[in-house]
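Engineer: Sharing a structure, written as structure tokens. Questions coming.
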Amino acid sequence: MKKETLESVKAVYTIESECIQEMEKYFDEEPFAKAVEALAKAERIGTCGSGHSGIMCQHLAHLLCCIERPARFISPAEAVHGATGFLQEGDVMVFASRGGKTKELLPIIDICKAKGITIITVTENLESPLAESADIVLKQYVNRETDKYNAQGTTSSTSLIVIFHTLQTALIEETDYQSEQFALIHPGGAVGERLNKK
């Protein structure tokens with residue numbers, strides 16, 4: 001391995017850990033509390049994003065299901081071909097887009113508004129179309145991506161997933177979700193074995 005490669009690899013830990021530390025400065029309790037309240041009350045939750053953001057949104061949907069908040073990832077392509085029928089008035093759609101301008105997501109905003117769906121947007125750009133169209137905006141912060149071109153969705157994915165983890169943590173507290181509930185729906189694997197140990 002080249003010396004430069006090893007240096008780049010070790011820098012990843014510094015870049016991403018510094019990003020997480022800095023993120024707390026951008027935490028805004030008011031919109032966060034509104035987001036948690038909306039997610040706790042919604043009968044159904046959709047998550048939507050493109051590229052790396054979309055992959056992270058799939059993770060969020062699974063996390064929410066793990067605490068019995070019915071959720072599914074709705075791909076931007078499928079959303080405009082009927083998949084938004086999953087969501088009804090009073091439900092929530094979580095959009096994720098670092099720049100807040102992802103063209104594939106913009107038509108879905110109109111559908112959500114017409115159906116009376118609460119829109120939560122996670123973005124770094126508070127003046128973007130996705131932010132300005134949202135009911136609730138959660139600020140994302142990214143110092144830089146880890147690759148030398150500052151182009152790959154690395155640190156930005158970590159930043160987004162931390163925000164999703166804070167929402168999950170808050171929902172467990174606010175809904176008083178119990179480990180016994182999780183044990184029932186997660187009997188598999190080492191976690192299931194530990195939770196269901198008699």
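Ordered as shown in the structure tokens, chains take letters A, B, and onward, while each chain numbers its residues from 1 and ligands are numbered from 1 in the order shown.
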So that I can check the secondary structure, give me every residue of chain A assigned strand (DSSP E) by backbone DSSP, as a PyMOL selection string.
Structural biologist: chain A and resi 45-49+71-73+92-96+118-123+136-139
Engineer: Residues at most 8 Å from Cys19 of chain A, counting only C-alpha atoms, excluding those fewer than 6 positions away in the same chain, as a compact mmCIF listing (two decimals) with N, CA and C atoms, in the first residue's frame?
Structural biologist:
# COMPACT_ATOMS: atom_id res chain seq x y z
N TYR A 141 -25.28 18.77 8.64
CA TYR A 141 -23.97 19.42 8.54
C TYR A 141 -22.96 18.40 8.03
N VAL A 142 -22.14 18.83 7.09
CA VAL A 142 -21.06 17.99 6.56
C VAL A 142 -19.81 18.85 6.42
N ASN A 143 -18.70 18.43 7.03
CA ASN A 143 -17.46 19.18 6.88
C ASN A 143 -16.84 18.94 5.50
N THR A 155 -18.85 10.98 4.23
CA THR A 155 -19.16 11.71 5.46
C THR A 155 -20.62 12.19 5.46
N SER A 159 -23.27 11.60 8.42
CA SER A 159 -24.01 12.71 9.01
C SER A 159 -25.51 12.45 8.99
Engineer: I'd like the contact shell of Leu160 of chain A - 8 Å cut-off, only C-alpha atoms, skipping same-chain residues fewer than 6 positions apart - returned as an MDAnalysis selection string.
Structural biologist: chainID A and resid 53 56 96 122 140
Engineer: When you look at Arg44 of chain A with a cut-off of 6 Å (counting only C-alpha atoms), what residues show up, excluding the ones that are within fewer than 2 positions of it in the same chain? I need them as a list in words.
Structural biologist: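 Using only C-alpha atoms, the neighbours found are Ala42, Pro70, Ala71 and Asp91 of chain A.
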Engineer: Would you put the residues from that selection into a file with N, CA and C atoms, as a PDB file, in the first residue's frame?
Structural biologist:
ATOM      1  N   ALA A  42     -47.920   9.466  13.475  1.00  0.00           N
ATOM      2  CA  ALA A  42     -48.296   9.021  12.132  1.00  0.00           C
ATOM      3  C   ALA A  42     -48.659   7.533  12.098  1.00  0.00           C
ATOM      4  N   PRO A  70     -44.929   1.871  11.558  1.00  0.00           N
ATOM      5  CA  PRO A  70     -45.031   1.324  10.199  1.00  0.00           C
ATOM      6  C   PRO A  70     -44.441   2.265   9.150  1.00  0.00           C
ATOM      7  N   ALA A  71     -43.402   1.802   8.475  1.00  0.00           N
ATOM      8  CA  ALA A  71     -42.677   2.653   7.534  1.00  0.00           C
ATOM      9  C   ALA A  71     -42.202   1.844   6.348  1.00  0.00           C
ATOM     10  N   ASP A  91     -50.291  11.268   7.557  1.00  0.00           N
ATOM     11  CA  ASP A  91     -49.059  10.479   7.579  1.00  0.00           C
ATOM     12  C   ASP A  91     -47.850  11.389   7.362  1.00  0.00           C
TER      13      ASP A  91
END
Engineer: So that I can check the surroundings of segment 2-7 of chain A, please list as a list in words every protein, DNA and RNA residue that reaches within 12 Å of it, counting only C-alpha atoms and ignoring chain neighbours fewer than 6 positions away.
Structural biologist: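 Answer for this query is Tyr13, Thr14, Thr146, Asp147 and Lys148 of chain A.
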Engineer: Go ahead and write the residues just picked, C-alpha atoms, as a PDB file, in the first residue's frame.
Structural biologist:
ATOM      1  CA  TYR A  13     -11.445   8.588  11.064  1.00  0.00           C
ATOM      2  CA  THR A  14     -10.539  12.194  11.740  1.00  0.00           C
ATOM      3  CA  THR A 146     -13.485  11.551   2.950  1.00  0.00           C
ATOM      4  CA  ASP A 147     -12.150  11.043  -0.586  1.00  0.00           C
ATOM      5  CA  LYS A 148      -9.515  13.372  -1.982  1.00  0.00           C
TER       6      LYS A 148
END
Engineer: For Gly100 of chain A, which residue among A:Glu124, A:Glu145, A:Glu29, A:Glu18 is the nearest when counting only C-alpha atoms?
Structural biologist: A:Glu124
Engineer: Which one is closest to Leu64 of chain A: A:Thr158, A:Gln168, A:Thr118, A:Thr102? Count only C-alpha atoms.
Structural biologist: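 The answer is A:Gln168, which sits nearest to Leu64 of chain A.
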Engineer: Give me the residues near Ile109 of chain A as a PyMOL selection string, where near means some atom within 8 Å (using only C-alpha atoms) and where sequence neighbours in that chain fewer than 5 positions away do not count.
Structural biologist: chain A and resi 119+130+133
Engineer: Pick out the closest residue to Gly90 of chain A from this set: A:Lys115, A:His59, A:His186, A:Lys197. Count only C-alpha atoms.
Structural biologist: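 Smallest separation from Gly90 of chain A among the options: A:Lys115.
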Engineer: As an exercise, work out the distance from atom CA of Gly99 of chain A to atom CA of Ser128 of chain A in Å and give it to one decimal place.
Structural biologist: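 A separation of 7.1 Å between them.
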Engineer: Need to verify the contact set: Ile74 of chain A, 10 Å, only C-alpha atoms, exclusion of same-chain residues closer than 5 positions in sequence. Can you return it as an MDAnalysis selection string?
Structural biologist: chainID A and resid 45:49 54 57:58 61 79:80 83:84 86 93:94
Engineer: List as a tab-separated table every residue of segment 123-197 of chain A that is in contact with segment 36-41 of chain A, defined as an atom at most 8 Å from one of its atoms (using only C-alpha atoms), together with the nearest atom pair and the distance in Å rounded to one decimal, sorted by chain and then rising number.
Structural biologist:
residue	atom	partner	partner_atom	distance
A:Leu167	CA	A:Val36	CA	6.4
A:Ala170	CA	A:Val36	CA	6.9
A:Leu171	CA	A:Val36	CA	6.3
A:Glu174	CA	A:Ala40	CA	7.6
A:Thr175	CA	A:Ala40	CA	6.8
Engineer: Only N, CA and C atoms, please: the residues just picked out, written as a JSON list (two decimals), in the first residue's frame.
Structural biologist:
[["chain", "number", "residue", "atom", "x", "y", "z"],
["A", 167, "LEU", "N", -33.36, 10.51, 15.83],
["A", 167, "LEU", "CA", -34.82, 10.38, 15.75],
["A", 167, "LEU", "C", -35.29, 9.06, 16.35],
["A", 170, "ALA", "N", -35.00, 9.16, 20.13],
["A", 170, "ALA", "CA", -36.05, 9.98, 20.72],
["A", 170, "ALA", "C", -37.40, 9.27, 20.69],
["A", 171, "LEU", "N", -37.68, 8.59, 19.60],
["A", 171, "LEU", "CA", -38.97, 7.91, 19.48],
["A", 171, "LEU", "C", -39.10, 6.76, 20.48],
["A", 174, "GLU", "N", -40.02, 8.66, 23.65],
["A", 174, "GLU", "CA", -41.31, 9.36, 23.62],
["A", 174, "GLU", "C", -42.49, 8.41, 23.51],
["A", 175, "THR", "N", -42.30, 7.26, 22.88],
["A", 175, "THR", "CA", -43.39, 6.28, 22.76],
["A", 175, "THR", "C", -43.32, 5.21, 23.84]]
